[in-house]
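Asks: I have a structure I would like to understand better, so I am pasting it below and will then ask my questions one at a time.
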Amino acid sequence: LGLRFYGGLIDSKKVDDKEVVNDFFDYHIGGLQYMKGYTFYSLEGRNAAMGQASLRFPLWADMRKRIAHLYFDKVYGAVYGDVGKAWDGKWDEKDPIYGRKGPLRDVGGQLRFDLISYYTMPTRVQLDLAYGIDEIGDKSPWKFYLTVLFGYL
């Protein structure tokens, strides 16, 4: 079980001056690292707050299967949910672009494969499917992520 909290505050009106920085310093809490049910730039503001709960569990702890140059070792599953908001003015104001008012929610699941590729390279492949509960009508609430990581632990 993992709990994660994230927050940020920029307490200056100069940062929102379009002539000076043009939203460069805004917090973005959508996308793969934060709220997966929303795209990266769809949740932004000078203030941000987010909470996440995730449950990760082994599906197949000792797989020992080989396909071509890939040796599959372990398979994990995860389910998660997020609640958060990024805003500029007051907490209860509507988002000026999308018109969403309250904190946004999403839920999702993940399938992660730990494997070895080319006999020596530790590799991790993750598949995420997230659903943005409060996504606006003309945008799809479903987001899919494929992540491939290489590295020595």
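Each chain of the structure tokens is named A, B, ... in the order shown, its residues numbered from 1; ligands are numbered from 1 in display order.
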I'd like the neighbourhood of Asp134 (chain A) as a PyMOL selection string, where a residue qualifies if any of its atoms comes within 9 Å (using only C-alpha atoms), though same-chain residues fewer than 2 positions away should be ignored.
Replies: chain A and resi 100+103-106+131-132+136+141
Asks: Quick one: pick out all strand (DSSP E) residues within chain A from a backbone DSSP run and write them as a ChimeraX atom specification.
Replies: /A:2-9,27-28,44-45,47-60,65-67,70-87,104-117,121-132,142-150
Asks: So what do you get for CA of Lys90 (chain A) versus CA of Ala130 (chain A), distance-wise?
Replies: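 If I compute the distance from CA of Lys90 (chain A) to CA of Ala130 (chain A), I get 27.9 Å.
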Asks: Would you please work out which residue, of A:Tyr145, A:Leu70, A:Gly151, A:Phe113, is nearest to Gln33 (chain A) when using only C-alpha atoms?
Replies: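 Ranking A:Tyr145, A:Leu70, A:Gly151, A:Phe113 by distance to Gln33 (chain A), first place goes to A:Tyr145.
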Asks: Mind checking which residues fall within 12 Å of Gly81 (chain A), counting only C-alpha atoms, ignoring those fewer than 6 positions away in the same chain, and posting them as number ranges by chain?
Replies: A: 1-4, 34-37, 50-55, 104-110, 129-133
Asks: Could you check the closest approach to Gly8 (chain A) for each of A:Arg56, A:Lys74, A:Lys65, A:Lys85 and tell me which residue wins, using only C-alpha atoms?
Replies: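 Among the listed residues, A:Lys85 lies closest to Gly8 (chain A).
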Asks: Measuring atom to atom with only C-alpha atoms, identify which of A:Asn47, A:Gln126, A:Thr147, A:Ser140 is nearest to Phe25 (chain A).
Replies: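 Checking each candidate against Phe25 (chain A), we get A:Asn47 as the closest.
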Asks: Would you pick out the contacts of Ser117 (chain A) at 10 Å or less, using only C-alpha atoms, so that residues sharing its chain but fewer than 3 positions from it are not included, and give the list as a list of chain:residue names?
Replies: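 Everything that qualifies: A:Arg66, A:Ile67, A:Ala68, A:His69, A:Leu70, A:Tyr71, A:Phe72, A:Asp114, A:Thr120, A:Met121, A:Pro122, A:Thr123, A:Arg124, A:Phe150.
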Asks: Distance CA of Val79 (chain A)-CA of Tyr27 (chain A), one decimal place?
Replies: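 The value is 24.8 Å.
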Asks: Rounded to one decimal in Å, what is the spacing between CA of Gly45 (chain A) and CA of Leu127 (chain A)?
Replies: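 Computing the Euclidean distance for CA of Gly45 (chain A) and CA of Leu127 (chain A) yields 28.3 Å.
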Asks: Fewer than 5 positions away in the same chain doesn't count, so skip those; otherwise give me all residues within 12 Å of Ile10 (chain A), counting only C-alpha atoms, as a list in words.
Replies: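 Close residues of Ile10 (chain A): Val15, Asp16, Asp23, Phe24, Phe25, Asp26, Tyr27, Gly45, Arg46, Asn47, Ala48, Ala86, Trp87, Asp88 and Gly89 of chain A.
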Asks: Write the residues of the preceding selection, restricted to C-alpha atoms, as a compact mmCIF listing (two decimals), in the first residue's frame.
Replies:
```
# COMPACT_ATOMS: atom_id res chain seq x y z
CA VAL A 15 4.33 34.84 -11.98
CA ASP A 16 0.93 35.06 -13.69
CA ASP A 23 2.65 30.34 -17.15
CA PHE A 24 6.14 28.82 -17.30
CA PHE A 25 6.29 28.19 -13.55
CA ASP A 26 2.80 26.66 -13.20
CA TYR A 27 2.45 23.27 -11.54
CA GLY A 45 -1.93 26.44 -11.92
CA ARG A 46 0.16 28.43 -9.45
CA ASN A 47 -1.22 26.27 -6.64
CA ALA A 48 -1.50 22.49 -6.57
CA ALA A 86 -4.27 22.84 -9.72
CA TRP A 87 -5.60 26.39 -9.66
CA ASP A 88 -4.66 30.06 -9.97
CA GLY A 89 -7.27 32.07 -8.07
```
